[in-house]
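Pasting input.cif here (mmCIF, C-alpha atoms and all ligand atoms):
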data_work
#
loop_
_atom_site.label_atom_id
_atom_site.label_comp_id
_atom_site.auth_asym_id
_atom_site.auth_seq_id
_atom_site.Cartn_x
_atom_site.Cartn_y
_atom_site.Cartn_z
CA MET A 1 101.27 -8.50 318.44
CA ILE A 2 97.58 -9.24 318.18
CA ALA A 3 94.58 -6.92 318.07
CA GLY A 4 91.15 -7.22 319.64
CA ILE A 5 88.02 -5.24 318.89
CA GLU A 6 84.77 -5.26 320.82
CA THR A 7 81.94 -3.52 319.03
CA GLY A 8 78.90 -2.33 320.92
CA GLY A 9 75.79 -0.28 320.29
CA THR A 10 77.19 2.68 322.22
CA LYS A 11 80.97 2.16 322.14
CA PHE A 12 83.79 0.24 320.55
CA PHE A 13 86.89 -0.90 322.45
CA CYS A 14 90.12 -1.76 320.66
CA ALA A 15 93.28 -3.14 322.20
CA VAL A 16 96.61 -4.63 321.30
CA ALA A 17 98.49 -7.27 323.25
CA GLU A 18 101.39 -9.65 322.92
CA SER A 19 100.27 -13.04 321.70
CA ALA A 20 102.15 -14.59 324.61
CA ASP A 21 100.02 -12.59 327.06
CA PRO A 22 96.67 -11.87 325.40
CA THR A 23 94.88 -10.69 328.54
CA THR A 24 97.22 -7.76 329.21
CA PHE A 25 96.36 -4.71 327.14
CA ILE A 26 99.44 -2.87 325.88
CA ASP A 27 97.26 -0.06 324.62
CA ARG A 28 93.53 0.39 324.41
CA VAL A 29 91.04 2.94 323.17
CA ARG A 30 87.32 3.61 323.59
CA ILE A 31 85.50 4.90 320.53
CA PRO A 32 81.87 6.08 320.56
CA THR A 33 79.57 4.23 318.15
CA THR A 34 78.32 6.83 315.69
CA ALA A 35 78.09 6.29 311.91
CA PRO A 36 79.99 3.23 310.60
CA GLN A 37 82.40 5.27 308.51
CA GLU A 38 83.38 7.50 311.40
CA THR A 39 83.64 4.74 314.01
CA LEU A 40 85.50 2.30 311.77
CA GLY A 41 87.75 5.17 310.70
CA ALA A 42 88.77 5.65 314.32
CA VAL A 43 89.37 1.89 314.68
CA ARG A 44 91.57 2.03 311.63
CA GLU A 45 93.56 4.95 313.06
CA PHE A 46 94.20 3.03 316.26
CA LEU A 47 95.37 -0.05 314.35
CA GLU A 48 97.55 2.02 312.03
CA LYS A 49 99.26 3.52 315.06
CA HIS A 50 100.39 0.07 316.19
CA PHE A 51 100.77 -1.75 312.91
CA SER A 52 102.36 0.76 310.56
CA GLU A 53 105.28 -1.54 309.85
CA VAL A 54 104.34 -5.05 310.93
CA ALA A 55 100.94 -6.61 310.37
CA PRO A 56 99.02 -7.94 313.37
CA GLU A 57 99.52 -11.67 313.87
CA ALA A 58 95.75 -11.99 314.18
CA ILE A 59 92.64 -9.92 314.89
CA GLY A 60 89.66 -11.00 316.98
CA VAL A 61 86.32 -9.22 316.86
CA ALA A 62 83.52 -9.66 319.40
CA SER A 63 80.57 -7.81 317.95
CA PHE A 64 77.06 -6.68 318.70
CA GLY A 65 74.67 -8.24 316.33
CA PRO A 66 73.27 -9.90 314.74
CA ILE A 67 76.71 -10.71 313.35
CA ASP A 68 77.39 -13.45 310.82
CA THR A 69 79.86 -15.74 312.62
CA ASN A 70 79.81 -18.59 310.10
CA PRO A 71 83.24 -18.68 308.38
CA ALA A 72 81.71 -20.49 305.39
CA SER A 73 79.17 -17.73 304.76
CA PRO A 74 79.71 -15.08 302.04
CA THR A 75 78.68 -12.46 304.59
CA TYR A 76 81.01 -13.70 307.37
CA GLY A 77 81.95 -10.73 309.53
CA TYR A 78 78.95 -8.68 308.49
CA ILE A 79 76.65 -7.06 310.96
CA THR A 80 73.40 -8.17 309.35
CA ALA A 81 69.90 -6.76 310.02
CA THR A 82 70.48 -4.69 313.13
CA PRO A 83 67.94 -2.12 314.31
CA LYS A 84 70.94 0.16 315.01
CA PRO A 85 70.55 2.98 312.43
CA GLY A 86 73.11 2.90 309.62
CA TRP A 87 74.81 -0.34 310.71
CA SER A 88 72.83 -2.95 308.81
CA HIS A 89 75.02 -4.93 306.38
CA THR A 90 78.24 -3.37 307.65
CA ASP A 91 81.25 -5.44 306.56
CA LEU A 92 83.68 -5.55 309.49
CA ARG A 93 85.99 -7.91 307.65
CA ALA A 94 86.79 -5.10 305.18
CA LEU A 95 88.89 -3.45 307.91
CA VAL A 96 91.79 -5.79 307.21
CA PRO A 97 92.41 -5.16 303.49
CA LEU A 98 91.72 -1.46 304.14
CA LEU A 99 94.73 -1.48 306.41
CA GLY A 100 96.82 -3.08 303.71
CA PHE A 101 97.53 -6.36 305.43
CA ASP A 102 96.36 -9.89 305.23
CA SER A 103 96.11 -10.93 308.87
CA PRO A 104 93.73 -13.69 309.94
CA ILE A 105 90.57 -12.33 311.52
CA ALA A 106 87.77 -14.06 313.42
CA PHE A 107 84.34 -12.95 314.59
CA ILE A 108 82.11 -13.95 317.46
CA SER A 109 79.10 -12.43 319.16
CA ASP A 110 79.64 -9.92 321.96
CA VAL A 111 78.36 -12.31 324.62
CA SER A 112 80.60 -15.11 323.37
CA GLY A 113 83.50 -12.66 323.56
CA SER A 114 82.64 -11.81 327.15
CA LEU A 115 82.38 -15.49 327.92
CA LEU A 116 85.88 -16.15 326.56
CA GLY A 117 87.25 -13.20 328.54
CA GLU A 118 85.70 -14.32 331.83
CA ARG A 119 86.82 -17.88 331.19
CA THR A 120 90.40 -16.80 330.60
CA SER A 121 90.94 -14.35 333.44
CA GLY A 122 87.63 -13.60 335.14
CA ALA A 123 84.82 -15.35 336.98
CA ALA A 124 84.99 -18.78 335.32
CA VAL A 125 88.68 -19.45 334.79
CA GLY A 126 89.40 -22.69 332.99
CA MET A 127 85.83 -23.97 333.16
CA ASN A 128 84.55 -25.87 330.12
CA ASP A 129 80.79 -25.71 330.65
CA ILE A 130 79.62 -22.20 331.33
CA ALA A 131 77.10 -19.61 330.23
CA TYR A 132 77.61 -15.87 330.08
CA ALA A 133 74.43 -13.80 330.15
CA THR A 134 73.99 -10.08 329.80
CA VAL A 135 70.87 -8.16 330.75
CA GLY A 136 71.25 -4.60 329.52
CA THR A 137 70.20 -2.72 326.39
CA GLY A 138 69.46 -6.18 325.06
CA ILE A 139 69.52 -9.65 326.59
CA GLY A 140 71.98 -12.22 325.26
CA VAL A 141 73.61 -15.46 326.32
CA GLY A 142 76.80 -17.16 325.18
CA VAL A 143 77.12 -20.86 325.91
CA LEU A 144 80.26 -22.98 326.16
CA VAL A 145 79.72 -26.75 326.24
CA GLY A 146 82.62 -29.15 326.57
CA GLY A 147 85.01 -26.26 325.91
CA SER A 148 83.35 -25.26 322.61
CA LEU A 149 81.14 -22.27 321.95
CA VAL A 150 77.69 -23.32 320.86
CA THR A 151 77.44 -21.97 317.29
CA GLY A 152 75.59 -24.59 315.31
CA HIS A 153 73.12 -22.84 313.06
CA GLY A 154 73.71 -19.30 314.27
CA THR A 155 74.15 -18.63 317.97
CA PRO A 156 71.87 -19.12 320.96
CA GLU A 157 69.23 -16.38 321.22
CA LEU A 158 68.00 -16.93 324.73
CA GLY A 159 67.12 -13.25 325.10
CA HIS A 160 63.98 -14.00 323.14
CA ILE A 161 62.60 -16.94 325.08
CA LEU A 162 58.96 -16.76 326.05
CA VAL A 163 58.46 -16.26 329.75
CA ARG A 164 55.67 -16.65 332.26
CA ARG A 165 54.36 -13.25 333.17
CA HIS A 166 54.69 -11.79 336.64
CA PRO A 167 51.09 -11.48 337.93
CA LYS A 168 51.56 -7.77 338.65
CA ASP A 169 53.00 -6.95 335.22
CA THR A 170 50.66 -5.77 332.47
CA PHE A 171 53.30 -4.12 330.27
CA GLU A 172 52.87 -5.16 326.64
CA GLY A 173 56.61 -5.49 325.94
CA ILE A 174 58.84 -3.81 323.37
CA CYS A 175 60.40 -6.57 321.28
CA PRO A 176 59.64 -5.62 317.64
CA PHE A 177 59.37 -9.32 316.81
CA HIS A 178 57.64 -10.88 319.82
CA GLY A 179 56.33 -8.07 322.03
CA ASP A 180 56.52 -9.68 325.44
CA CYS A 181 59.41 -12.12 325.08
CA LEU A 182 62.08 -11.96 327.81
CA GLU A 183 63.96 -9.09 326.18
CA GLY A 184 60.70 -7.31 325.41
CA LEU A 185 59.85 -7.33 329.11
CA ALA A 186 63.15 -7.11 330.97
CA CYS A 187 65.85 -5.32 328.95
CA GLY A 188 66.88 -1.82 329.97
CA PRO A 189 64.73 -0.01 327.39
CA ALA A 190 61.69 -2.13 328.38
CA ILE A 191 62.17 -1.13 332.02
CA LYS A 192 62.51 2.52 331.03
CA ALA A 193 59.41 2.35 328.79
CA ARG A 194 57.39 0.71 331.58
CA TRP A 195 58.35 2.85 334.57
CA GLY A 196 60.37 5.77 333.21
CA HIS A 197 63.30 4.87 335.47
CA SER A 198 65.36 1.85 336.49
CA ALA A 199 63.57 -0.75 338.60
CA GLN A 200 63.17 -0.01 342.30
CA GLY A 201 61.20 -1.44 345.23
CA GLU A 202 58.61 -3.98 344.10
CA GLU A 203 59.65 -3.46 340.48
CA VAL A 204 62.93 -5.23 341.23
CA GLU A 205 60.92 -8.35 342.09
CA ILE A 206 59.18 -8.23 338.72
CA ILE A 207 62.43 -7.98 336.74
CA GLY A 208 64.01 -10.53 339.09
CA TYR A 209 61.23 -12.96 338.18
CA TYR A 210 62.15 -12.70 334.50
CA VAL A 211 65.89 -12.97 335.15
CA ALA A 212 65.18 -16.06 337.27
CA GLN A 213 63.37 -17.65 334.34
CA LEU A 214 66.34 -16.97 332.07
CA LEU A 215 68.66 -18.61 334.60
CA LEU A 216 66.31 -21.55 334.98
CA THR A 217 66.16 -22.07 331.21
CA ILE A 218 69.96 -22.02 330.94
CA ILE A 219 70.31 -24.51 333.80
CA LEU A 220 67.68 -26.87 332.42
CA ALA A 221 68.99 -26.70 328.86
CA VAL A 222 72.75 -27.02 329.27
CA ALA A 223 73.48 -27.79 332.94
CA PRO A 224 76.45 -25.41 333.11
CA ALA A 225 79.04 -25.55 335.86
CA ARG A 226 78.75 -21.79 336.33
CA ILE A 227 76.66 -18.88 335.03
CA VAL A 228 78.23 -15.44 334.81
CA ILE A 229 75.59 -12.74 334.49
CA GLY A 230 76.26 -9.06 333.89
CA GLY A 231 74.96 -6.06 331.95
CA GLY A 232 73.66 -2.65 333.03
CA VAL A 233 70.32 -3.91 334.36
CA MET A 234 72.07 -6.42 336.66
CA LYS A 235 73.64 -3.46 338.49
CA THR A 236 70.18 -2.60 339.87
CA PRO A 237 70.45 -2.86 343.69
CA GLY A 238 68.83 -6.06 344.96
CA LEU A 239 68.20 -7.57 341.53
CA MET A 240 70.78 -10.36 341.69
CA ASP A 241 69.51 -11.47 345.12
CA SER A 242 65.89 -11.30 343.96
CA ALA A 243 66.65 -13.34 340.84
CA LYS A 244 68.54 -16.01 342.82
CA ARG A 245 65.77 -16.33 345.40
CA GLN A 246 63.05 -16.61 342.76
CA LEU A 247 65.19 -19.06 340.78
CA SER A 248 65.28 -21.30 343.81
CA GLU A 249 61.49 -21.09 344.07
CA LEU A 250 61.09 -21.90 340.37
CA ILE A 251 63.39 -24.94 340.64
CA ALA A 252 61.08 -26.06 343.45
CA GLY A 253 63.37 -28.85 344.59
CA TYR A 254 63.45 -30.53 341.20
CA LEU A 255 67.25 -30.51 340.83
CA GLY A 256 67.85 -31.88 344.30
CA GLY A 257 68.39 -29.95 347.50
CA ASP A 258 72.11 -29.63 347.02
CA HIS A 259 72.11 -28.00 343.59
CA PRO A 260 74.29 -24.87 343.88
CA ALA A 261 71.66 -22.76 342.09
CA THR A 262 69.47 -23.14 345.15
CA ARG A 263 72.10 -21.79 347.56
CA SER A 264 71.98 -18.00 347.42
CA ALA A 265 75.52 -17.52 348.77
CA ASP A 266 77.04 -19.86 346.21
CA THR A 267 79.16 -18.46 343.35
CA TYR A 268 77.43 -20.80 340.91
CA ILE A 269 75.66 -17.71 339.60
CA THR A 270 78.04 -14.79 339.72
CA ALA A 271 78.80 -11.32 338.36
CA PRO A 272 81.59 -10.80 335.81
CA GLN A 273 85.01 -9.95 337.22
CA LEU A 274 86.48 -8.04 334.29
CA GLY A 275 84.09 -5.09 334.51
CA ASP A 276 83.76 -3.36 331.15
CA PHE A 277 86.54 -5.44 329.63
CA SER A 278 85.20 -8.99 329.46
CA GLY A 279 84.41 -8.67 325.77
CA LEU A 280 87.62 -6.88 324.82
CA THR A 281 89.67 -9.50 326.64
CA GLY A 282 87.68 -12.19 324.86
CA SER A 283 88.38 -10.62 321.46
CA LEU A 284 92.12 -10.89 322.17
CA VAL A 285 91.73 -14.48 323.34
CA LEU A 286 89.90 -15.17 320.08
CA ALA A 287 92.70 -13.55 318.06
CA ASN A 288 95.21 -15.67 319.93
CA SER A 289 93.24 -18.84 319.18
CA LEU A 290 93.91 -18.24 315.47
CA LEU A 291 97.63 -18.70 316.04
CA ARG A 292 97.45 -22.21 317.41
ZN ZN A 301 61.87 -11.03 321.14
#
So that I can check it, write out the structure of this file as structure tokens.
Ligand code: ZN
Amino acid sequence: MIAGIETGGTKFFCAVAESADPTTFIDRVRIPTTAPQETLGAVREFLEKHFSEVAPEAIGVASFGPIDTNPASPTYGYITATPKPGWSHTDLRALVPLLGFDSPIAFISDVSGSLLGERTSGAAVGMNDIAYATVGTGIGVGVLVGGSLVTGHGTPELGHILVRRHPKDTFEGICPFHGDCLEGLACGPAIKARWGHSAQGEEVEIIGYYVAQLLLTIILAVAPARIVIGGGVMKTPGLMDSAKRQLSELIAGYLGGDHPATRSADTYITAPQLGDFSGLTGSLVLANSLLR
């Protein structure tokens, strides 16, 4: 059996599966993210329940970040300098020896985990050139090129690209590093800080303009075969349609009239199919990849 863990700013998911069928959860649990000791204690309890006698064959972790995903680094598996109180420099790799076994463990970012999940049994099955974007509490993008996750020096950080401002938007932005970068203007907390509620009416157009610029950047940079885009903000009624329409306007014919990004009904840009479980599924797929 293998184990998968998805860590998030508000909740953790853990699951176990057979290595022969990594996308079917045999058991799963949702744990609220509180203090590291408490949350990781609950993860440990779940794992102990399933692995009291036999060690897991492998463990995959898809984590909120920033997470050190470089296996050669001394802090591999650490959540590094997160703004999440209490979680900076948390060593997730320590879970394994704590449990008394020596199973292989691998770490990727939460968006890369979601990408692997959607690629295995969701909205981009079997595709080798895809991007998975989330627009929610933060904005992140995982990128798969030629079947490999892009993880050269660190991971892509497209949530922090600089964007052209919507002419009706004077909000200063909330990114502690850049102010009005994409995340500073369009993540869930930025929307809440600007309007006090989720986007509605004309506000949807403003956020749609920023989402369109994210999509455009992804398309221009890596020419994916599909973009899966999810996250809490993307559930805003009308936002996906607004973003697709404005994307088409921003492309302005440059990619040729038949590019699927310019056809609003096309599934080239699509919502995730695994609901809340893209990342958890991806963590199991990651665990399984260690066995090959
Ligand atoms: Zn930023």
Sorted by chain and rising residue number, list the residues of chain A at most 8 Å from ligand ZN 301 (chain A) (counting all atoms listed in the file), each with its closest atom pair and distance in Å to one decimal, as a tab-separated table.
residue	atom	partner	partner_atom	distance
A:Gly159	CA	A:ZN301	ZN	6.9
A:His160	CA	A:ZN301	ZN	4.2
A:Ile161	CA	A:ZN301	ZN	7.1
A:Cys175	CA	A:ZN301	ZN	4.7
A:Pro176	CA	A:ZN301	ZN	6.8
A:Phe177	CA	A:ZN301	ZN	5.3
A:His178	CA	A:ZN301	ZN	4.4
A:Gly179	CA	A:ZN301	ZN	6.3
A:Asp180	CA	A:ZN301	ZN	7.0
A:Cys181	CA	A:ZN301	ZN	4.8
A:Leu182	CA	A:ZN301	ZN	6.7
A:Glu183	CA	A:ZN301	ZN	5.8
A:Gly184	CA	A:ZN301	ZN	5.8
| query | Rounded to one decimal in Å, what is the spacing between atom CA of Gly9 of chain A and atom CA of Ala42 of chain A? | reply |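 Value for the atom CA of Gly9 of chain A-atom CA of Ala42 of chain A distance: 15.5 Å.
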| request: Enter the distance from atom CA of Arg194 of chain A to atom CA of Lys84 of chain A, in Å, rounded to one decimal. | output: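 According to the coordinates, atom CA of Arg194 of chain A and atom CA of Lys84 of chain A are separated by 21.4 Å.
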| task | For each of A:Val61, A:Ala94, A:Ala72, A:Leu144, take the minimum atom-to-atom distance to Ala124 of chain A, counting all atoms listed in the file, then give the residue where this is smallest. | result | A:Leu144
| message | Using all atoms listed in the file, can you tell me which of A:Arg245, A:Lys11, A:Arg119, A:Arg263 comes closest to Phe64 of chain A? | response | A:Lys11
| field | atom CA of Pro74 of chain A to atom CA of Gly60 of chain A, distance in Å rounded to a single decimal | value | 18.4 Å
| query | Pick the closest to Gly126 of chain A from A:Ala225, A:Ala186, A:Thr262, A:Leu99: which is it, counting all atoms listed in the file? | reply | A:Ala225
Write out as a short mmCIF file (atom, residue, chain, number, x, y, z; two decimals) with C-alpha atoms, keeping the file's coordinate frame the residues lying within 12 Å of Gly275 of chain A, counting only C-alpha atoms and excluding same-chain residues fewer than 6 positions away.
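The resulting out_26.cif:
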data_model
loop_
_atom_site.label_atom_id
_atom_site.label_comp_id
_atom_site.auth_asym_id
_atom_site.auth_seq_id
_atom_site.Cartn_x
_atom_site.Cartn_y
_atom_site.Cartn_z
CA SER A 114 82.64 -11.81 327.15
CA GLY A 117 87.25 -13.20 328.54
CA GLU A 118 85.70 -14.32 331.83
CA SER A 121 90.94 -14.35 333.44
CA GLY A 122 87.63 -13.60 335.14
CA ALA A 123 84.82 -15.35 336.98
CA VAL A 228 78.23 -15.44 334.81
CA ILE A 229 75.59 -12.74 334.49
CA GLY A 230 76.26 -9.06 333.89
CA GLY A 231 74.96 -6.06 331.95
CA GLY A 232 73.66 -2.65 333.03
CA LYS A 235 73.64 -3.46 338.49
CA THR A 281 89.67 -9.50 326.64
#
| request: Quick one: everything within 10 Å of segment 68-71 of chain A, counting all atoms listed in the file, minus sequence neighbours fewer than 2 positions away in the same chain. Send it as JSON, numbers by chain. | output: {"A": [62, 63, 65, 66, 73, 74, 75, 76, 77, 78, 79, 80, 89, 91, 106, 107, 108, 109, 151, 152, 153, 154, 155]}
Please write the residues from the selection above to a file, keeping C-alpha atoms, as a short mmCIF file (atom, residue, chain, number, x, y, z; two decimals), keeping the file's coordinate frame.
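Saved as selection-v7.cif:
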data_model
loop_
_atom_site.label_atom_id
_atom_site.label_comp_id
_atom_site.auth_asym_id
_atom_site.auth_seq_id
_atom_site.Cartn_x
_atom_site.Cartn_y
_atom_site.Cartn_z
CA ALA A 62 83.52 -9.66 319.40
CA SER A 63 80.57 -7.81 317.95
CA GLY A 65 74.67 -8.24 316.33
CA PRO A 66 73.27 -9.90 314.74
CA SER A 73 79.17 -17.73 304.76
CA PRO A 74 79.71 -15.08 302.04
CA THR A 75 78.68 -12.46 304.59
CA TYR A 76 81.01 -13.70 307.37
CA GLY A 77 81.95 -10.73 309.53
CA TYR A 78 78.95 -8.68 308.49
CA ILE A 79 76.65 -7.06 310.96
CA THR A 80 73.40 -8.17 309.35
CA HIS A 89 75.02 -4.93 306.38
CA ASP A 91 81.25 -5.44 306.56
CA ALA A 106 87.77 -14.06 313.42
CA PHE A 107 84.34 -12.95 314.59
CA ILE A 108 82.11 -13.95 317.46
CA SER A 109 79.10 -12.43 319.16
CA THR A 151 77.44 -21.97 317.29
CA GLY A 152 75.59 -24.59 315.31
CA HIS A 153 73.12 -22.84 313.06
CA GLY A 154 73.71 -19.30 314.27
CA THR A 155 74.15 -18.63 317.97
#
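Around Val145 of chain A, within 8 Å and counting all atoms listed in the file, the residues found are Asn128, Asp129, Ile130, Ser148, Leu149, Val150, Val222 and Pro224 of chain A, once anything fewer than 3 positions away on its own chain is removed.
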